[in-house]
$ cat query-v5.pdb   # PDB, C-alpha atoms
ATOM      1  CA  MET A   1     -34.880  71.800  61.100
ATOM      2  CA  LEU A   2     -32.618  69.427  62.943
ATOM      3  CA  SER A   3     -30.855  66.744  61.003
ATOM      4  CA  GLN A   4     -32.038  63.211  61.525
ATOM      5  CA  PRO A   5     -29.912  60.080  61.601
ATOM      6  CA  PRO A   6     -30.591  57.527  58.887
ATOM      7  CA  PHE A   7     -33.058  54.763  59.712
ATOM      8  CA  PRO A   8     -33.136  52.792  56.475
ATOM      9  CA  SER A   9     -35.195  49.996  57.998
ATOM     10  CA  CYS A  10     -37.932  52.350  59.207
ATOM     11  CA  PRO A  11     -39.324  54.089  56.093
ATOM     12  CA  GLY A  12     -42.542  56.038  56.034
ATOM     13  CA  ARG A  13     -42.356  57.237  59.627
ATOM     14  CA  GLY A  14     -44.087  60.464  58.637
ATOM     15  CA  ASP A  15     -47.062  58.581  57.186
ATOM     16  CA  ALA A  16     -49.241  58.396  60.288
ATOM     17  CA  PRO A  17     -52.204  56.355  58.939
ATOM     18  CA  MET A  18     -49.907  53.633  57.585
ATOM     19  CA  ILE A  19     -47.968  53.453  60.814
ATOM     20  CA  GLN A  20     -51.167  53.347  62.848
ATOM     21  CA  ALA A  21     -52.357  50.368  60.857
ATOM     22  CA  MET A  22     -49.020  48.577  61.155
ATOM     23  CA  SER A  23     -48.247  49.666  64.664
ATOM     24  CA  ARG A  24     -47.549  47.538  67.670
ATOM     25  CA  ALA A  25     -49.119  47.626  71.124
ATOM     26  CA  PHE A  26     -48.680  46.131  74.607
ATOM     27  CA  GLU A  27     -49.664  42.627  73.438
ATOM     28  CA  ASP A  28     -46.698  42.519  71.058
ATOM     29  CA  PHE A  29     -44.148  42.630  73.891
ATOM     30  CA  PRO A  30     -44.550  39.562  76.117
ATOM     31  CA  ILE A  31     -42.001  38.823  78.827
ATOM     32  CA  GLY A  32     -38.732  37.680  77.316
ATOM     33  CA  THR A  33     -39.099  39.625  74.065
ATOM     34  CA  ARG A  34     -35.774  40.917  72.778
ATOM     35  CA  LEU A  35     -35.262  43.572  70.139
ATOM     36  CA  VAL A  36     -32.142  45.101  68.629
ATOM     37  CA  SER A  37     -32.206  48.549  67.053
ATOM     38  CA  THR A  38     -30.524  49.777  63.929
ATOM     39  CA  GLY A  39     -27.191  51.615  64.283
ATOM     40  CA  TYR A  40     -26.829  55.306  65.140
ATOM     41  CA  PRO A  41     -23.556  57.014  64.169
ATOM     42  CA  ILE A  42     -22.115  59.507  66.667
ATOM     43  CA  THR A  43     -20.178  62.412  65.174
ATOM     44  CA  ALA A  44     -17.835  64.844  66.911
ATOM     45  CA  ASP A  45     -20.138  67.675  65.862
ATOM     46  CA  ALA A  46     -23.153  65.996  67.465
ATOM     47  CA  ILE A  47     -21.206  65.420  70.700
ATOM     48  CA  MET A  48     -20.092  69.055  70.814
ATOM     49  CA  ASP A  49     -23.521  70.466  69.863
ATOM     50  CA  PHE A  50     -25.226  68.527  72.641
ATOM     51  CA  GLY A  51     -22.419  69.350  75.067
ATOM     52  CA  ARG A  52     -22.510  73.101  74.434
ATOM     53  CA  LYS A  53     -26.264  73.184  74.848
ATOM     54  CA  PHE A  54     -26.878  70.794  77.734
ATOM     55  CA  ASP A  55     -23.606  69.690  79.357
ATOM     56  CA  PRO A  56     -20.934  72.376  78.778
ATOM     57  CA  GLN A  57     -17.950  70.632  80.331
ATOM     58  CA  ILE A  58     -14.690  70.701  78.422
ATOM     59  CA  PHE A  59     -14.559  66.958  77.754
ATOM     60  CA  HIS A  60     -17.888  67.242  75.912
ATOM     61  CA  HIS A  61     -17.232  70.248  73.668
ATOM     62  CA  ASP A  62     -13.501  71.203  73.530
ATOM     63  CA  PRO A  63     -11.428  68.498  71.793
ATOM     64  CA  ASP A  64      -8.033  70.030  72.714
ATOM     65  CA  ALA A  65      -8.828  70.646  76.369
ATOM     66  CA  ALA A  66     -10.510  67.226  76.551
ATOM     67  CA  GLU A  67      -7.138  65.567  75.880
ATOM     68  CA  LYS A  68      -5.941  66.628  79.325
ATOM     69  CA  THR A  69      -8.969  65.290  81.217
ATOM     70  CA  LEU A  70      -9.780  61.849  82.629
ATOM     71  CA  PHE A  71     -11.466  61.041  79.316
ATOM     72  CA  GLY A  72      -8.273  61.699  77.339
ATOM     73  CA  GLY A  73     -10.332  63.156  74.487
ATOM     74  CA  LEU A  74     -13.798  64.189  73.429
ATOM     75  CA  ALA A  75     -16.593  62.043  74.909
ATOM     76  CA  ALA A  76     -20.370  62.308  74.649
ATOM     77  CA  SER A  77     -22.422  63.496  77.599
ATOM     78  CA  GLY A  78     -24.164  60.573  79.260
ATOM     79  CA  TRP A  79     -27.435  62.436  78.687
ATOM     80  CA  HIS A  80     -26.637  62.570  74.972
ATOM     81  CA  THR A  81     -26.194  58.802  74.984
ATOM     82  CA  ALA A  82     -29.514  58.565  76.837
ATOM     83  CA  ALA A  83     -31.250  60.759  74.245
ATOM     84  CA  VAL A  84     -29.815  58.760  71.327
ATOM     85  CA  SER A  85     -30.839  55.541  73.050
ATOM     86  CA  MET A  86     -34.397  56.874  73.386
ATOM     87  CA  ARG A  87     -34.451  57.530  69.652
ATOM     88  CA  LEU A  88     -33.343  53.974  68.998
ATOM     89  CA  PHE A  89     -35.972  52.712  71.481
ATOM     90  CA  VAL A  90     -38.841  54.626  69.846
ATOM     91  CA  ASP A  91     -37.878  53.387  66.382
ATOM     92  CA  ALA A  92     -37.293  49.778  67.436
ATOM     93  CA  MET A  93     -40.509  49.511  69.458
ATOM     94  CA  ASP A  94     -42.653  51.193  66.760
ATOM     95  CA  VAL A  95     -45.693  51.852  68.942
ATOM     96  CA  ALA A  96     -47.614  54.635  67.202
ATOM     97  CA  GLY A  97     -49.807  55.161  70.273
ATOM     98  CA  GLY A  98     -46.700  56.188  72.173
ATOM     99  CA  ILE A  99     -44.669  54.844  75.073
ATOM    100  CA  ILE A 100     -44.548  56.871  78.275
ATOM    101  CA  GLY A 101     -41.582  56.528  80.622
ATOM    102  CA  MET A 102     -42.587  56.180  84.271
ATOM    103  CA  GLY A 103     -39.249  55.698  85.994
ATOM    104  CA  VAL A 104     -35.645  54.640  85.383
ATOM    105  CA  ASP A 105     -33.281  52.767  87.694
ATOM    106  CA  GLU A 106     -29.655  51.747  87.637
ATOM    107  CA  LEU A 107     -28.742  54.122  84.819
ATOM    108  CA  LYS A 108     -25.004  53.676  84.189
ATOM    109  CA  TRP A 109     -22.458  54.765  81.609
ATOM    110  CA  PRO A 110     -19.633  52.212  81.977
ATOM    111  CA  ASN A 111     -17.704  53.208  78.823
ATOM    112  CA  ALA A 112     -17.281  56.552  77.074
ATOM    113  CA  VAL A 113     -18.955  57.287  73.735
ATOM    114  CA  ARG A 114     -16.426  58.682  71.240
ATOM    115  CA  PRO A 115     -16.641  60.448  67.878
ATOM    116  CA  GLY A 116     -17.042  57.821  65.166
ATOM    117  CA  ASP A 117     -18.785  55.308  67.400
ATOM    118  CA  GLU A 118     -21.941  53.632  66.155
ATOM    119  CA  LEU A 119     -24.460  52.826  68.850
ATOM    120  CA  ARG A 120     -27.211  50.247  68.913
ATOM    121  CA  LEU A 121     -29.774  49.440  71.560
ATOM    122  CA  GLU A 122     -30.661  46.001  72.892
ATOM    123  CA  ILE A 123     -34.085  45.831  74.542
ATOM    124  CA  GLU A 124     -35.376  43.041  76.764
ATOM    125  CA  ILE A 125     -38.894  42.868  78.212
ATOM    126  CA  LEU A 126     -38.583  41.808  81.875
ATOM    127  CA  GLN A 127     -42.185  42.155  83.045
ATOM    128  CA  ALA A 128     -45.552  42.901  81.426
ATOM    129  CA  ARG A 129     -48.895  43.609  83.122
ATOM    130  CA  HIS A 130     -52.090  45.535  82.595
ATOM    131  CA  SER A 131     -52.365  48.968  84.181
ATOM    132  CA  LYS A 132     -54.763  48.995  87.126
ATOM    133  CA  SER A 133     -55.506  52.701  86.978
ATOM    134  CA  ARG A 134     -55.703  52.975  83.168
ATOM    135  CA  PRO A 135     -57.534  49.976  81.642
ATOM    136  CA  GLY A 136     -56.525  50.841  78.082
ATOM    137  CA  TYR A 137     -52.837  50.607  78.902
ATOM    138  CA  GLY A 138     -50.215  48.043  79.794
ATOM    139  CA  ILE A 139     -46.983  48.478  81.728
ATOM    140  CA  ILE A 140     -43.771  46.794  80.682
ATOM    141  CA  ARG A 141     -40.502  46.710  82.566
ATOM    142  CA  ILE A 142     -37.542  46.790  80.218
ATOM    143  CA  ARG A 143     -33.794  46.455  80.336
ATOM    144  CA  ASN A 144     -32.162  48.757  77.787
ATOM    145  CA  VAL A 145     -28.486  48.245  76.982
ATOM    146  CA  THR A 146     -26.688  50.505  74.525
ATOM    147  CA  LYS A 147     -23.524  49.143  72.936
ATOM    148  CA  ASN A 148     -20.916  50.497  70.555
ATOM    149  CA  GLN A 149     -19.475  48.866  67.436
ATOM    150  CA  ARG A 150     -17.019  46.899  69.611
ATOM    151  CA  ASP A 151     -19.881  45.434  71.685
ATOM    152  CA  GLU A 152     -18.831  47.484  74.706
ATOM    153  CA  VAL A 153     -21.710  48.631  76.928
ATOM    154  CA  VAL A 154     -21.886  52.429  76.943
ATOM    155  CA  GLN A 155     -25.194  52.695  78.823
ATOM    156  CA  SER A 156     -27.599  50.438  80.668
ATOM    157  CA  PHE A 157     -30.755  50.929  82.692
ATOM    158  CA  MET A 158     -34.075  49.404  83.662
ATOM    159  CA  ALA A 159     -37.344  51.260  83.256
ATOM    160  CA  ASN A 160     -41.087  50.966  83.635
ATOM    161  CA  THR A 161     -42.997  52.250  80.628
ATOM    162  CA  MET A 162     -46.691  52.473  79.783
ATOM    163  CA  LEU A 163     -48.120  51.790  76.331
ATOM    164  CA  PRO A 164     -51.580  51.258  74.791
ATOM    165  CA  ARG A 165     -53.239  47.838  74.793
ATOM    166  CA  ARG A 166     -54.438  46.792  71.350
ATOM    167  CA  GLU A 167     -58.106  46.680  72.311
ATOM    168  CA  ALA A 168     -57.869  50.382  73.090
ATOM    169  CA  ASP A 169     -57.604  50.996  69.315
ATOM    170  CA  LEU A 170     -60.751  49.033  68.484
TER     171      LEU A 170
ATOM    172  CA  MET B   1     -24.335  77.728  66.888
ATOM    173  CA  LEU B   2     -27.045  76.551  69.232
ATOM    174  CA  SER B   3     -28.925  79.105  71.223
ATOM    175  CA  GLN B   4     -28.172  79.217  74.912
ATOM    176  CA  PRO B   5     -30.563  80.041  77.715
ATOM    177  CA  PRO B   6     -29.760  83.130  79.751
ATOM    178  CA  PHE B   7     -27.643  82.674  82.845
ATOM    179  CA  PRO B   8     -27.324  86.220  84.163
ATOM    180  CA  SER B   9     -25.685  85.067  87.382
ATOM    181  CA  CYS B  10     -22.897  83.202  85.575
ATOM    182  CA  PRO B  11     -21.077  85.796  83.439
ATOM    183  CA  GLY B  12     -17.744  85.166  81.766
ATOM    184  CA  ARG B  13     -18.294  81.442  81.315
ATOM    185  CA  GLY B  14     -16.156  81.535  78.186
ATOM    186  CA  ASP B  15     -13.195  83.050  80.029
ATOM    187  CA  ALA B  16     -11.403  79.884  81.066
ATOM    188  CA  PRO B  17      -8.537  81.328  83.163
ATOM    189  CA  MET B  18     -10.921  83.427  85.274
ATOM    190  CA  ILE B  19     -13.241  80.480  85.791
ATOM    191  CA  GLN B  20     -10.347  78.219  86.702
ATOM    192  CA  ALA B  21      -9.244  80.657  89.397
ATOM    193  CA  MET B  22     -12.774  81.076  90.738
ATOM    194  CA  SER B  23     -13.820  77.493  90.272
ATOM    195  CA  ARG B  24     -15.059  75.120  92.890
ATOM    196  CA  ALA B  25     -13.913  71.619  93.721
ATOM    197  CA  PHE B  26     -14.894  68.613  95.864
ATOM    198  CA  GLU B  27     -14.124  70.437  99.127
ATOM    199  CA  ASP B  28     -16.780  73.053  98.366
ATOM    200  CA  PHE B  29     -19.637  70.534  98.563
ATOM    201  CA  PRO B  30     -19.785  69.038 102.064
ATOM    202  CA  ILE B  31     -22.704  66.823 103.061
ATOM    203  CA  GLY B  32     -25.865  68.853 103.461
ATOM    204  CA  THR B  33     -24.925  71.517 100.919
ATOM    205  CA  ARG B  34     -27.946  72.801  99.003
ATOM    206  CA  LEU B  35     -27.874  74.807  95.790
ATOM    207  CA  VAL B  36     -30.627  76.221  93.615
ATOM    208  CA  SER B  37     -30.057  76.954  89.949
ATOM    209  CA  THR B  38     -31.244  79.871  87.877
ATOM    210  CA  GLY B  39     -34.382  79.419  85.785
ATOM    211  CA  TYR B  40     -34.509  77.796  82.340
ATOM    212  CA  PRO B  41     -37.462  78.659  80.077
ATOM    213  CA  ILE B  42     -38.947  75.807  78.034
ATOM    214  CA  THR B  43     -40.418  76.788  74.671
ATOM    215  CA  ALA B  44     -42.706  74.783  72.406
ATOM    216  CA  ASP B  45     -40.008  74.936  69.707
ATOM    217  CA  ALA B  46     -37.390  73.467  72.044
ATOM    218  CA  ILE B  47     -39.759  70.644  73.062
ATOM    219  CA  MET B  48     -40.531  69.829  69.426
ATOM    220  CA  ASP B  49     -36.891  70.100  68.261
ATOM    221  CA  PHE B  50     -35.721  67.682  70.941
ATOM    222  CA  GLY B  51     -38.703  65.417  70.327
ATOM    223  CA  ARG B  52     -38.170  65.183  66.564
ATOM    224  CA  LYS B  53     -34.506  64.390  67.014
ATOM    225  CA  PHE B  54     -34.480  62.072  70.039
ATOM    226  CA  ASP B  55     -38.016  61.062  71.057
ATOM    227  CA  PRO B  56     -40.320  61.264  68.008
ATOM    228  CA  GLN B  57     -43.627  60.440  69.684
ATOM    229  CA  ILE B  58     -46.614  62.600  68.813
ATOM    230  CA  PHE B  59     -47.027  64.098  72.292
ATOM    231  CA  HIS B  60     -43.481  65.512  72.009
ATOM    232  CA  HIS B  61     -43.592  67.054  68.532
ATOM    233  CA  ASP B  62     -47.155  67.341  67.141
ATOM    234  CA  PRO B  63     -49.261  69.847  69.133
ATOM    235  CA  ASP B  64     -52.564  68.924  67.444
ATOM    236  CA  ALA B  65     -52.161  65.166  67.727
ATOM    237  CA  ALA B  66     -50.848  65.593  71.286
ATOM    238  CA  GLU B  67     -54.264  66.941  72.342
ATOM    239  CA  LYS B  68     -55.753  63.484  71.900
ATOM    240  CA  THR B  69     -53.129  61.656  73.986
ATOM    241  CA  LEU B  70     -52.822  60.979  77.712
ATOM    242  CA  PHE B  71     -50.826  64.218  77.998
ATOM    243  CA  GLY B  72     -53.673  66.293  76.555
ATOM    244  CA  GLY B  73     -51.176  68.519  74.766
ATOM    245  CA  LEU B  74     -47.523  68.992  73.951
ATOM    246  CA  ALA B  75     -45.151  67.779  76.675
ATOM    247  CA  ALA B  76     -41.361  67.604  76.826
ATOM    248  CA  SER B  77     -39.559  64.279  76.544
ATOM    249  CA  GLY B  78     -38.316  63.174  79.953
ATOM    250  CA  TRP B  79     -34.849  62.988  78.405
ATOM    251  CA  HIS B  80     -35.190  66.635  77.375
ATOM    252  CA  THR B  81     -35.973  67.517  80.982
ATOM    253  CA  ALA B  82     -32.933  65.461  82.008
ATOM    254  CA  ALA B  83     -30.705  67.320  79.535
ATOM    255  CA  VAL B  84     -31.961  70.738  80.671
ATOM    256  CA  SER B  85     -31.459  69.691  84.286
ATOM    257  CA  MET B  86     -27.861  68.725  83.488
ATOM    258  CA  ARG B  87     -27.305  72.188  82.049
ATOM    259  CA  LEU B  88     -28.652  73.738  85.243
ATOM    260  CA  PHE B  89     -26.479  71.364  87.303
ATOM    261  CA  VAL B  90     -23.266  72.229  85.449
ATOM    262  CA  ASP B  91     -23.903  75.951  85.784
ATOM    263  CA  ALA B  92     -24.945  75.829  89.440
ATOM    264  CA  MET B  93     -22.043  73.609  90.517
ATOM    265  CA  ASP B  94     -19.444  75.649  88.553
ATOM    266  CA  VAL B  95     -16.639  73.088  88.740
ATOM    267  CA  ALA B  96     -14.251  73.964  85.907
ATOM    268  CA  GLY B  97     -12.418  70.663  86.330
ATOM    269  CA  GLY B  98     -15.610  68.888  85.361
ATOM    270  CA  ILE B  99     -18.095  66.568  87.039
ATOM    271  CA  ILE B 100     -18.410  63.022  85.740
ATOM    272  CA  GLY B 101     -21.652  61.108  86.233
ATOM    273  CA  MET B 102     -21.141  57.555  87.472
ATOM    274  CA  GLY B 103     -24.677  56.314  87.925
ATOM    275  CA  VAL B 104     -28.266  57.483  88.381
ATOM    276  CA  ASP B 105     -31.058  55.900  90.406
ATOM    277  CA  GLU B 106     -34.735  56.531  90.958
ATOM    278  CA  LEU B 107     -35.083  58.815  87.932
ATOM    279  CA  LYS B 108     -38.731  59.868  87.795
ATOM    280  CA  TRP B 109     -40.842  62.361  85.878
ATOM    281  CA  PRO B 110     -43.922  62.863  88.090
ATOM    282  CA  ASN B 111     -45.356  65.861  86.217
ATOM    283  CA  ALA B 112     -45.257  66.845  82.550
ATOM    284  CA  VAL B 113     -43.132  69.769  81.313
ATOM    285  CA  ARG B 114     -45.199  72.114  79.134
ATOM    286  CA  PRO B 115     -44.417  74.948  76.721
ATOM    287  CA  GLY B 116     -43.940  78.131  78.725
ATOM    288  CA  ASP B 117     -42.722  76.370  81.865
ATOM    289  CA  GLU B 118     -39.618  77.668  83.597
ATOM    290  CA  LEU B 119     -37.526  74.981  85.260
ATOM    291  CA  ARG B 120     -35.068  75.244  88.110
ATOM    292  CA  LEU B 121     -32.910  72.622  89.750
ATOM    293  CA  GLU B 122     -32.527  72.022  93.482
ATOM    294  CA  ILE B 123     -29.354  70.135  94.411
ATOM    295  CA  GLU B 124     -28.610  68.488  97.750
ATOM    296  CA  ILE B 125     -25.319  66.785  98.637
ATOM    297  CA  LEU B 126     -26.167  63.518 100.413
ATOM    298  CA  GLN B 127     -22.698  61.957 100.754
ATOM    299  CA  ALA B 128     -19.114  63.041 100.087
ATOM    300  CA  ARG B 129     -15.955  60.915 100.155
ATOM    301  CA  HIS B 130     -12.526  60.688  98.564
ATOM    302  CA  SER B 131     -12.118  58.343  95.609
ATOM    303  CA  LYS B 132     -10.107  55.259  96.498
ATOM    304  CA  SER B 133      -8.991  54.488  92.963
ATOM    305  CA  ARG B 134      -8.328  58.112  91.902
ATOM    306  CA  PRO B 135      -6.615  60.085  94.697
ATOM    307  CA  GLY B 136      -7.124  63.434  92.965
ATOM    308  CA  TYR B 137     -10.882  63.042  92.947
ATOM    309  CA  GLY B 138     -13.827  63.001  95.303
ATOM    310  CA  ILE B 139     -17.206  61.344  94.919
ATOM    311  CA  ILE B 140     -20.419  63.038  95.948
ATOM    312  CA  ARG B 141     -23.897  61.558  96.037
ATOM    313  CA  ILE B 142     -26.532  64.075  95.111
ATOM    314  CA  ARG B 143     -30.274  64.410  95.006
ATOM    315  CA  ASN B 144     -31.375  66.497  92.037
ATOM    316  CA  VAL B 145     -34.949  67.754  91.926
ATOM    317  CA  THR B 146     -36.219  69.792  88.990
ATOM    318  CA  LYS B 147     -39.292  71.951  89.586
ATOM    319  CA  ASN B 148     -41.449  74.187  87.464
ATOM    320  CA  GLN B 149     -42.660  77.723  88.202
ATOM    321  CA  ARG B 150     -45.537  76.295  90.282
ATOM    322  CA  ASP B 151     -43.097  74.340  92.489
ATOM    323  CA  GLU B 152     -44.299  71.038  91.034
ATOM    324  CA  VAL B 153     -41.612  68.368  90.738
ATOM    325  CA  VAL B 154     -41.079  67.480  87.075
ATOM    326  CA  GLN B 155     -38.008  65.274  87.604
ATOM    327  CA  SER B 156     -36.064  63.768  90.468
ATOM    328  CA  PHE B 157     -33.134  61.395  90.800
ATOM    329  CA  MET B 158     -30.119  60.485  92.891
ATOM    330  CA  ALA B 159     -26.663  60.145  91.408
ATOM    331  CA  ASN B 160     -23.038  59.500  92.207
ATOM    332  CA  THR B 161     -20.663  61.932  90.547
ATOM    333  CA  MET B 162     -16.887  62.355  90.583
ATOM    334  CA  LEU B 163     -15.130  65.727  90.665
ATOM    335  CA  PRO B 164     -11.576  67.002  91.279
ATOM    336  CA  ARG B 165     -10.259  67.624  94.778
ATOM    337  CA  ARG B 166      -8.764  71.094  95.203
ATOM    338  CA  GLU B 167      -5.265  69.818  95.937
ATOM    339  CA  ALA B 168      -5.254  68.219  92.500
ATOM    340  CA  ASP B 169      -4.982  71.742  91.061
ATOM    341  CA  LEU B 170      -1.915  72.663  93.125
TER     342      LEU B 170
END

$ encode --input "query-v5.pdb" --output "structure tokens"
Amino acid sequence: MLSQPPFPSCPGRGDAPMIQAMSRAFEDFPIGTRLVSTGYPITADAIMDFGRKFDPQIFHHDPDAAEKTLFGGLAASGWHTAAVSMRLFVDAMDVAGGIIGMGVDELKWPNAVRPGDELRLEIEILQARHSKSRPGYGIIRIRNVTKNQRDEVVQSFMANTMLPRREADL
Amino acid sequence: MLSQPPFPSCPGRGDAPMIQAMSRAFEDFPIGTRLVSTGYPITADAIMDFGRKFDPQIFHHDPDAAEKTLFGGLAASGWHTAAVSMRLFVDAMDVAGGIIGMGVDELKWPNAVRPGDELRLEIEILQARHSKSRPGYGIIRIRNVTKNQRDEVVQSFMANTMLPRREADL
């Protein structure tokens, strides 16, 4: 089983009925809503594990060789940062019915993620509307910005996502 | 150690000196270049492992509950598809000096990735120019399209990436 990062503010995630009852839906995210996730620590081992599996370039999995690259040391794959940011998004949004990504734009990684960094995600709801093709769902446009412990932006993007409307549960 | 998918056409990846000598650089990817990766099999275990760690929504890690969702069964996280596609990209490009992602646009997941699918990546070089700020590097704009064994597009995006020019090795 894969190890999980600590999410002390999100207990009971495995208890589906409780989460269902407490869960949030489209109506809980009007335009202008802002959320901030908990922190997610990034270890050298996690960077290298992800790098070896999905992005086997020396600056992602070989600390010595990485010293001689543009990064000047080990740095996380941008897709690792994206995956971690998704974890923070799922936990911060807390929509038991699920959130489905439809498309992502302007995905950027302006600063490297290093071993020992702690990431957090800032979410802003830019648009919110009902789905025309799926009446039980709403579509929200979000800006997701991932920052490190020094408040430097390590990733940003905008996305359209689809999530259940509350009446769909009734 | 994490398991690796088979890449029969890319032997000796761990032999750095050989790869360095055989490696490709900016000059090997003129505008219009097209590459196709090897195949990458997607298992239910891999979908659920990634889902539990990075995208813990029921349609990514709970096969029974997933039946009752929009997906109608287990489906890979889009960020899992992105990570697998990066692996295929790194192996197909074979640039030992490394390729650094600068930004991604129009990232879409038009069809779900299912257990048992085999993915491949189609790469097209749209633009190629020298970096102004880093003389040893070139910048290429690519279109990356990931397809399954039925030729359905499961992911597409465009990206700017930076990679070493050959003269930088001399």

$ closest_residue --input "query-v5.pdb" --among "B:His60, B:His130, B:Arg34, B:Arg24" --to "Thr161 in chain B" --atoms "all atoms listed in the file"
B:His130

$ closest_atom_pairs --input "query-v5.pdb" --of "chain A" --to "chain B" --cutoff "10 Å" --atoms "only C-alpha atoms" --output "tab-separated table"
residue	atom	partner	partner_atom	distance
A:Met1	CA	B:Asp49	CA	7.6
A:Leu2	CA	B:Lys53	CA	6.7
A:Ser3	CA	B:Lys53	CA	7.4
A:Gln4	CA	B:Lys53	CA	6.1
A:Pro5	CA	B:Lys53	CA	8.3
A:Arg13	CA	B:Pro56	CA	9.5
A:Ala16	CA	B:Ile58	CA	9.9
A:Asp49	CA	B:Leu2	CA	7.1
A:Phe50	CA	B:Ala83	CA	8.9
A:Gly51	CA	B:Arg87	CA	9.0
A:Arg52	CA	B:Leu2	CA	7.7
A:Lys53	CA	B:Gln4	CA	6.3
A:Phe54	CA	B:Arg87	CA	4.6
A:Asp55	CA	B:Arg87	CA	5.2
A:Pro56	CA	B:Val90	CA	7.1
A:Gln57	CA	B:Gly98	CA	5.8
A:Ile58	CA	B:Gly98	CA	7.2
A:Phe59	CA	B:Gly98	CA	7.9
A:His60	CA	B:Gly98	CA	9.9
A:Thr69	CA	B:Gly97	CA	8.2
A:Leu70	CA	B:Ile100	CA	9.2
A:Phe71	CA	B:Ile100	CA	9.7
A:Ser77	CA	B:Gly101	CA	9.0
A:Gly78	CA	B:Gly101	CA	7.4
A:Trp79	CA	B:Ala83	CA	5.9
A:His80	CA	B:Ala83	CA	7.7
A:Ala82	CA	B:Trp79	CA	7.1
A:Ala83	CA	B:Phe54	CA	5.5
A:Val84	CA	B:Phe54	CA	5.9
A:Ser85	CA	B:Phe54	CA	8.1
A:Met86	CA	B:Asp55	CA	6.0
A:Arg87	CA	B:Phe54	CA	4.6
A:Leu88	CA	B:Phe54	CA	8.2
A:Phe89	CA	B:Asp55	CA	8.6
A:Val90	CA	B:Asp55	CA	6.6
A:Asp91	CA	B:Pro56	CA	8.4
A:Asp94	CA	B:Gln57	CA	9.7
A:Val95	CA	B:Gln57	CA	8.9
A:Ala96	CA	B:Gln57	CA	7.5
A:Gly97	CA	B:Gln57	CA	8.1
A:Gly98	CA	B:Gln57	CA	5.8
A:Ile99	CA	B:Gln57	CA	7.8
A:Ile100	CA	B:Gly78	CA	9.0
A:Gly101	CA	B:Gly78	CA	7.4
A:Met102	CA	B:Lys108	CA	6.4
A:Gly103	CA	B:Lys108	CA	4.6
A:Val104	CA	B:Leu107	CA	4.9
A:Asp105	CA	B:Asp105	CA	4.7
A:Glu106	CA	B:Asp105	CA	5.2
A:Leu107	CA	B:Val104	CA	4.9
A:Lys108	CA	B:Gly103	CA	4.6
A:Trp109	CA	B:Met102	CA	6.6
A:Pro110	CA	B:Met102	CA	7.8
A:Gln155	CA	B:Gly103	CA	9.8
A:Ser156	CA	B:Gly103	CA	9.8
A:Phe157	CA	B:Val104	CA	9.0
A:Met158	CA	B:Asp105	CA	9.8
A:Ala159	CA	B:Leu107	CA	9.2

$ atom_distance --input "query-v5.pdb" --atom1 "CA of Glu152 in chain A" --atom2 "CA of Pro135 in chain B"
26.6 Å

$ atom_distance --input "query-v5.pdb" --atom1 "CA of Thr38 in chain A" --atom2 "CA of Val153 in chain A"
15.7 Å

$ axis_aligned_box --input "query-v5.pdb" --around "range 96-109 of chain B" --padding-each-side "4 Å" --output "AutoDock Vina command-line options"
--center_x -26.6 --center_y 64.9 --center_z 88.2 --size_x 36.4 --size_y 26.1 --size_z 13.6

$ resolve_selection --input "query-v5.pdb" --expression "the PyMOL selection byres ((chain A and resi 147) around 9)" --output "list in words"
Glu118, Leu119, Arg120, Leu121, Glu122, Val145, Thr146, Asn148, Gln149, Arg150, Asp151, Glu152, Val153, Val154, Gln155 and Ser156 of chain A

$ closest_residue --input "query-v5.pdb" --among "A:Val113, A:Ser131, A:Ile139, A:Asp62" --to "Tyr40 in chain A" --atoms "all atoms listed in the file"
A:Val113

$ closest_residue --input "query-v5.pdb" --among "A:Asp28, A:Glu124, A:Glu167, A:Asp117" --to "Gly136 in chain A" --atoms "all atoms listed in the file"
A:Glu167

$ atom_distance --input "query-v5.pdb" --atom1 "CA of Met93 in chain B" --atom2 "CA of Tyr137 in chain B"
15.6 Å

$ resolve_selection --input "query-v5.pdb" --expression "the PyMOL selection byres ((chain A and resi 164) around 7)" --output "list in words"
Ala25, Phe26, Gly97, Gly136, Tyr137, Gly138, Leu163, Arg165, Arg166 and Ala168 of chain A

$ closest_residue --input "query-v5.pdb" --among "A:Asn160, A:Ser23, A:Ser37, A:Asn111" --to "Leu126 in chain A" --atoms "all atoms listed in the file"
A:Asn160

$ resolve_selection --input "query-v5.pdb" --expression "the PyMOL selection byres ((chain B and resi 44) around 8)" --output "NGL selection string"
:B and (42-43 or 45-48 or 74 or 114-116)

$ closest_residue --input "query-v5.pdb" --among "B:Ala76, B:Ile140, B:Ala112, B:Gln127" --to "His61 in chain B" --atoms "all atoms listed in the file"
B:Ala76

$ decode --input "query-v5.pdb" --residues "range 112-123 of chain A" --atoms "C-alpha atoms" --output "compact mmCIF listing (two decimals), in the first residue's frame"
# COMPACT_ATOMS: atom_id res chain seq x y z
CA ALA A 112 11.25 24.35 -8.84
CA VAL A 113 9.94 22.10 -6.06
CA ARG A 114 12.81 20.89 -3.85
CA PRO A 115 13.23 18.19 -1.21
CA GLY A 116 11.98 19.55 2.11
CA ASP A 117 9.47 21.93 0.56
CA GLU A 118 5.94 22.00 1.92
CA LEU A 119 3.28 22.75 -0.66
CA ARG A 120 -0.19 24.17 -0.23
CA LEU A 121 -2.89 24.89 -2.76
CA GLU A 122 -4.90 28.08 -3.10
CA ILE A 123 -8.19 27.64 -4.96
